[in-house]
Amino acid sequence: MAFLDETGLAELWELIQGEVAKIGAVGAKIDLLWTNASPTSNFAAQTISKSLGEYTLFVVETYNPNYSSHVAVKGHKTIMHANNVPVDNMPSGYTRMVTFSDSKITFDPSYNGNYGSGVSNNTDNSMMIPQKIYGIKGVS
Amino acid sequence: MKYALNLAEGGRILSATYEKYASEGAVIVDTLPDGDISDYRYVDGEYVYEPLPVEPEPEAEPTDTDVLNALLGVTE
């Protein structure tokens, strides 16, 4: 086995740093953008102002009835739902819509039941409570 | 640790995050109210306990069995 002297170690370290920098330069980066400081409180429909211009993808972690995670693309209205599989092409169980733009995150109310007719009768903001939001940038 | 409040019109608390994730111009506070923060409004620097009224549960639609039993006079 060969051992590196001090100069060799320094050169190796410089090489590693260079490779790490290259990975960082071309790779995507994930930032934690928001954490719910009251994670079991009712979460009504609301807008959260945020500068999101550099992000293209988002991950939202929700809680209740269980922990679930949802991926959203900026500019698309995304259905987050949990607890049941879709029925008749409509998500059932618990549902909340979220939309990301360059400057804000818009959450709709949470609904309990089939997402379709009469859904406004089933608002339940104790469900699908956002816990954490991550932003992904550098996607090429 | 400090918190940033997201408030609706009238000061109703919609949500809270930590100061490091605060939106520009957000209200920063030292503590959060106990329990469900959506039961409070934040007015003139103080928390006012004011739960939203509970909406009545919508009445369930009768099932086919319920209708049939009613026609036949069957009681359970």
# chains A, B, ... in the order shown; residues from 1 in each chain; ligands from 1
>>> select_by_dssp(residues="chain B", states="helix (DSSP H, G or I)", output="list in words")
Glu9, Gly10, Gly11, Glu19, Lys20, Tyr21, Ile37, Ser38, Asp39, Asp64, Thr65, Asp66, Val67, Leu68, Asn69, Ala70, Leu71 and Leu72 of chain B
>>> closest_atom_pairs(of="chain A", to="chain B", cutoff="6 Å", atoms="only C-alpha atoms", output="JSON lines")
{"residue": "A:Trp34", "atom": "CA", "partner": "B:Tyr21", "partner_atom": "CA", "distance": 5.4}
{"residue": "A:Thr35", "atom": "CA", "partner": "B:Thr17", "partner_atom": "CA", "distance": 5.6}
{"residue": "A:Asn36", "atom": "CA", "partner": "B:Thr17", "partner_atom": "CA", "distance": 5.0}
{"residue": "A:Ala37", "atom": "CA", "partner": "B:Thr17", "partner_atom": "CA", "distance": 4.6}
{"residue": "A:Ser41", "atom": "CA", "partner": "B:Asp36", "partner_atom": "CA", "distance": 4.6}
{"residue": "A:Ser49", "atom": "CA", "partner": "B:Ser23", "partner_atom": "CA", "distance": 5.6}
{"residue": "A:Lys50", "atom": "CA", "partner": "B:Ser23", "partner_atom": "CA", "distance": 5.8}
>>> write_last_selection(atoms="C-alpha atoms", output="CSV table (one decimal), in the first residue's frame")
chain,number,residue,atom,x,y,z
A,34,TRP,CA,-40.9,27.0,4.6
A,35,THR,CA,-41.7,25.0,7.7
A,36,ASN,CA,-45.1,25.0,9.5
A,37,ALA,CA,-44.4,26.3,13.1
A,41,SER,CA,-53.4,23.8,13.6
A,49,SER,CA,-45.7,35.4,-0.3
A,50,LYS,CA,-42.3,34.0,-1.3
>>> residues_around(residues="A:Asp102", least_positions_apart="4", cutoff="7 Å", atoms="only C-alpha atoms", output="list in words")
Ser51, Leu52 and Gly53 of chain A
>>> atom_distance(atom1="atom CA of A:Phe58", atom2="atom CA of B:Arg12")
27.1 Å
>>> atom_distance(atom1="atom CA of A:His76", atom2="atom CA of A:Pro39")
25.1 Å
>>> residues_around(residues="A:Thr123", least_positions_apart="3", cutoff="7 Å", atoms="only C-alpha atoms", output="mmCIF file with C-alpha atoms, in the first residue's frame")
data_model
loop_
_atom_site.group_PDB
_atom_site.id
_atom_site.type_symbol
_atom_site.label_atom_id
_atom_site.label_comp_id
_atom_site.auth_asym_id
_atom_site.auth_seq_id
_atom_site.Cartn_x
_atom_site.Cartn_y
_atom_site.Cartn_z
ATOM 1 C CA PRO A 109 -59.069 24.666 1.364
ATOM 2 C CA SER A 110 -58.839 20.984 2.223
ATOM 3 C CA TYR A 111 -61.778 18.805 1.230
ATOM 4 C CA ASN A 112 -63.013 15.555 2.685
ATOM 5 C CA SER A 120 -67.797 22.752 -1.165
#
>>> select_by_dssp(residues="chain B", states="strand (DSSP E or B)", output="ChimeraX atom specification")
/B:3-7,12-18,27-29,40-43,46-49
>>> write_last_selection(atoms="C-alpha atoms", output="CSV table (one decimal), in the first residue's frame")
chain,number,residue,atom,x,y,z
B,3,TYR,CA,-42.1,33.2,14.4
B,4,ALA,CA,-43.6,34.9,11.3
B,5,LEU,CA,-47.4,35.1,11.1
B,6,ASN,CA,-49.5,34.9,7.9
B,7,LEU,CA,-52.6,36.9,8.6
B,12,ARG,CA,-57.1,36.1,11.6
B,13,ILE,CA,-54.0,33.9,11.9
B,14,LEU,CA,-53.8,31.6,8.8
B,15,SER,CA,-50.4,30.0,9.6
B,16,ALA,CA,-47.1,30.5,11.2
B,17,THR,CA,-43.6,29.7,10.1
B,18,TYR,CA,-40.2,30.4,11.7
B,27,VAL,CA,-45.4,40.1,11.3
B,28,ILE,CA,-42.7,38.7,13.6
B,29,VAL,CA,-43.6,37.5,17.1
B,40,TYR,CA,-56.9,33.5,17.3
B,41,ARG,CA,-56.7,37.0,15.7
B,42,TYR,CA,-53.6,39.1,16.1
B,43,VAL,CA,-54.7,42.7,16.8
B,46,GLU,CA,-51.9,40.9,21.0
B,47,TYR,CA,-53.7,37.6,20.5
B,48,VAL,CA,-57.5,37.7,20.7
B,49,TYR,CA,-59.1,34.3,21.2
>>> residues_around(residues="A:Asn125", least_positions_apart="3", cutoff="6 Å", atoms="only C-alpha atoms", output="PyMOL selection string")
chain A and resi 42-44+110
